[in-house]
Amino acid sequence: MKKNKPQTIHSRKGTTTFYLALIGGCLLVWGVVIMSTFAMGNVKGDEVGILVNNYAGTIEVYPNSGTNIYNAITSDFLTLDKTEQTIEMTADPSRGDLRKSDFVKVKTIDGSNVNVDVTILYKMNRDAKSIKRIISESGLGNAYKQKWVRDYSRSICRHELGKLTTEDFYKSTLRTERAEASKKRLNEMLNIHGIKITSVQIQDFNFYAEYEAKIKEKKLADQEVQEQISQAKAATERKEKRINERKAVRDVAIANYIGDLKTVLLKAQAEAEKAKREADAYYYETTQKAKADLYKRQKEAKSIIAKRTAEAQGLTNLCKALAGKGGKNMVLLEYAKKLSGLTLMGQPYTIGNSVNKVQHMGFVPTQR
């Protein structure tokens with residue numbers, strides 16, 4: 001009995017250790033499994049990160065650069081380029097996206113077949129709503145590039161360039177006009193899917209060999225026509241030049257004659273103005289002199305009238321004064337004054353009985 005007891009204790013310890021080791025191993029395995037379910041998604045500065053939960057069906061957008069941890073079992077993490085991208089559709093198999101002859105075949109409005117190299121520049125709208133729509137409609141990866149941008153661009157460019165004639169293709173302004181129309185139409189159709197077309201460029205074009213030959217013939221014919229037109233135009237220009245030269249000579253002669261007439265006219269006008277000014281001056285001077293003389297004569301007439309009026313009034317007053325006793329007295333006074341200076345000469349007596357008269361013999365004034 002004493003010998004079996006230690007063996008039982010040893011057995012129990014071994015069992016405990018085994019279970020502990022088993023649990024530790026399970027935890028380790030579970031931890032490794034759990035850790036293996038997580039992954040890291042790295043987003044660069046020119047990218048946008050997209051986390052798709054395959055079970056919940058949700059899409060989460062990471063617009064900024066950085067590292068994001070996600071559950072790799074339930075979700076997928078991908079990145080999309082948010083910078084401007086290019087799709088090149090060209091006949092050169094060494095270029096383009098597909099590395100094969102990939103030109104856009106266009107039939108012109110007048111029936112010619114044209115192989116056109118087209119380059120499309122585009123980018124995604126950066127808002128989360130647009131990016132979610134791109135993923136939900138096109139799936140993961142760059143499927144939207146083929147499904148939306150490429151297919152739509154080929155169709156729209158074929159339609160818009162087909163509005164040109166064979167001759168129009170040689171006019172860069174018309175090609176550019178159709179490229180802009182294609183860009184506008186593409187944006188109308190792709191903007192709702194979160195894609196913006198920034199440029200549509202017509203890089204090169206060529207017709208089938210038979211068309212090229214016909215076009216070359218037509219160009220040569222057109223060049224000959226243009227040369228004839230140019231010669232006719234040059235002859236017309238020479239004719240117009242000579243006519244203009246004659247007109248110039250005529251115009252100069254007319255201008256000189258008109259100038260001479262204007263000179264004569266200006267001289268006559270100047271002389272007329274001078275004569276008018278002199279006449280006005282003479283009229284003014286004569287008028288002013290006449291006015292001065294009239295004023296002077298009026299003043300003299302008024303003075304004479306006043307003087308004569310005063311004299312007449314004096315005579316009137318004198319007559320009135322002399323008409324009564326005053327006049328008689330004045331006569332006597334004057335007579336007395338006259339007599340005061342007289343010396344009477346004669347004989348105041350007589351001899352005889354006869355009566356003799358006294359005769360005044362004149363007077364001699366007394367010297368005083």
# chains A, B, ... in the order shown; residues from 1 in each chain; ligands from 1

call {"tool": "select_by_dssp", "arguments": {"residues": "stretch 85-278 of chain A", "states": "helix (DSSP H, G or I)", "output": "ChimeraX atom specification"}}
result
/A:128-138,143-161,167-170,172-193,209-278

call {"tool": "residues_around", "arguments": {"residues": "stretch 176-178 of chain A", "least_positions_apart": "5", "cutoff": "9 Å", "atoms": "only C-alpha atoms", "output": "VMD selection string"}}
result
chain A and resid 157 160 to 161 163 to 164 171 183 200 to 202

call {"tool": "closest_residue", "arguments": {"among": "A:Arg277, A:Lys184, A:Lys196, A:Arg158", "to": "A:Tyr122", "atoms": "only C-alpha atoms"}}
result
A:Lys196

call {"tool": "atom_distance", "arguments": {"atom1": "atom CA of A:Ile156", "atom2": "atom CA of A:Ser182"}}
result
6.0 Å

call {"tool": "closest_residue", "arguments": {"among": "A:Thr79, A:Ser153, A:Thr67, A:Asn244", "to": "A:Ile197", "atoms": "only C-alpha atoms"}}
result
A:Ser153

call {"tool": "select_by_dssp", "arguments": {"residues": "stretch 112-181 of chain A", "states": "strand (DSSP E)", "output": "number ranges by chain"}}
result
A: 113-124

call {"tool": "write_last_selection", "arguments": {"atoms": "N, CA and C atoms", "output": "PDB file, in the first residue's frame"}}
result
ATOM      1  N   ASN A 113     -14.614  54.558 -94.903  1.00  0.00           N
ATOM      2  CA  ASN A 113     -14.193  53.901 -93.665  1.00  0.00           C
ATOM      3  C   ASN A 113     -12.881  54.522 -93.199  1.00  0.00           C
ATOM      4  N   VAL A 114     -12.856  54.928 -91.932  1.00  0.00           N
ATOM      5  CA  VAL A 114     -11.687  55.604 -91.385  1.00  0.00           C
ATOM      6  C   VAL A 114     -11.246  54.897 -90.113  1.00  0.00           C
ATOM      7  N   ASN A 115      -9.938  54.616 -89.995  1.00  0.00           N
ATOM      8  CA  ASN A 115      -9.368  54.048 -88.781  1.00  0.00           C
ATOM      9  C   ASN A 115      -8.815  55.198 -87.940  1.00  0.00           C
ATOM     10  N   VAL A 116      -9.356  55.368 -86.739  1.00  0.00           N
ATOM     11  CA  VAL A 116      -9.022  56.531 -85.919  1.00  0.00           C
ATOM     12  C   VAL A 116      -8.374  56.086 -84.619  1.00  0.00           C
ATOM     13  N   ASP A 117      -7.223  56.695 -84.275  1.00  0.00           N
ATOM     14  CA  ASP A 117      -6.574  56.477 -82.982  1.00  0.00           C
ATOM     15  C   ASP A 117      -7.132  57.495 -81.993  1.00  0.00           C
ATOM     16  N   VAL A 118      -7.678  57.014 -80.880  1.00  0.00           N
ATOM     17  CA  VAL A 118      -8.334  57.883 -79.897  1.00  0.00           C
ATOM     18  C   VAL A 118      -7.710  57.657 -78.525  1.00  0.00           C
ATOM     19  N   THR A 119      -7.452  58.737 -77.811  1.00  0.00           N
ATOM     20  CA  THR A 119      -6.970  58.665 -76.429  1.00  0.00           C
ATOM     21  C   THR A 119      -7.992  59.328 -75.521  1.00  0.00           C
ATOM     22  N   ILE A 120      -8.382  58.596 -74.457  1.00  0.00           N
ATOM     23  CA  ILE A 120      -9.374  59.091 -73.501  1.00  0.00           C
ATOM     24  C   ILE A 120      -8.690  59.338 -72.168  1.00  0.00           C
ATOM     25  N   LEU A 121      -8.845  60.516 -71.603  1.00  0.00           N
ATOM     26  CA  LEU A 121      -8.345  60.831 -70.268  1.00  0.00           C
ATOM     27  C   LEU A 121      -9.548  60.936 -69.333  1.00  0.00           C
ATOM     28  N   TYR A 122      -9.457  60.267 -68.186  1.00  0.00           N
ATOM     29  CA  TYR A 122     -10.607  60.227 -67.274  1.00  0.00           C
ATOM     30  C   TYR A 122     -10.108  60.090 -65.844  1.00  0.00           C
ATOM     31  N   LYS A 123     -11.018  60.273 -64.899  1.00  0.00           N
ATOM     32  CA  LYS A 123     -10.736  60.027 -63.482  1.00  0.00           C
ATOM     33  C   LYS A 123     -12.044  59.781 -62.753  1.00  0.00           C
ATOM     34  N   MET A 124     -11.914  59.161 -61.582  1.00  0.00           N
ATOM     35  CA  MET A 124     -13.103  58.887 -60.769  1.00  0.00           C
ATOM     36  C   MET A 124     -13.472  60.125 -59.959  1.00  0.00           C
TER      37      MET A 124
END
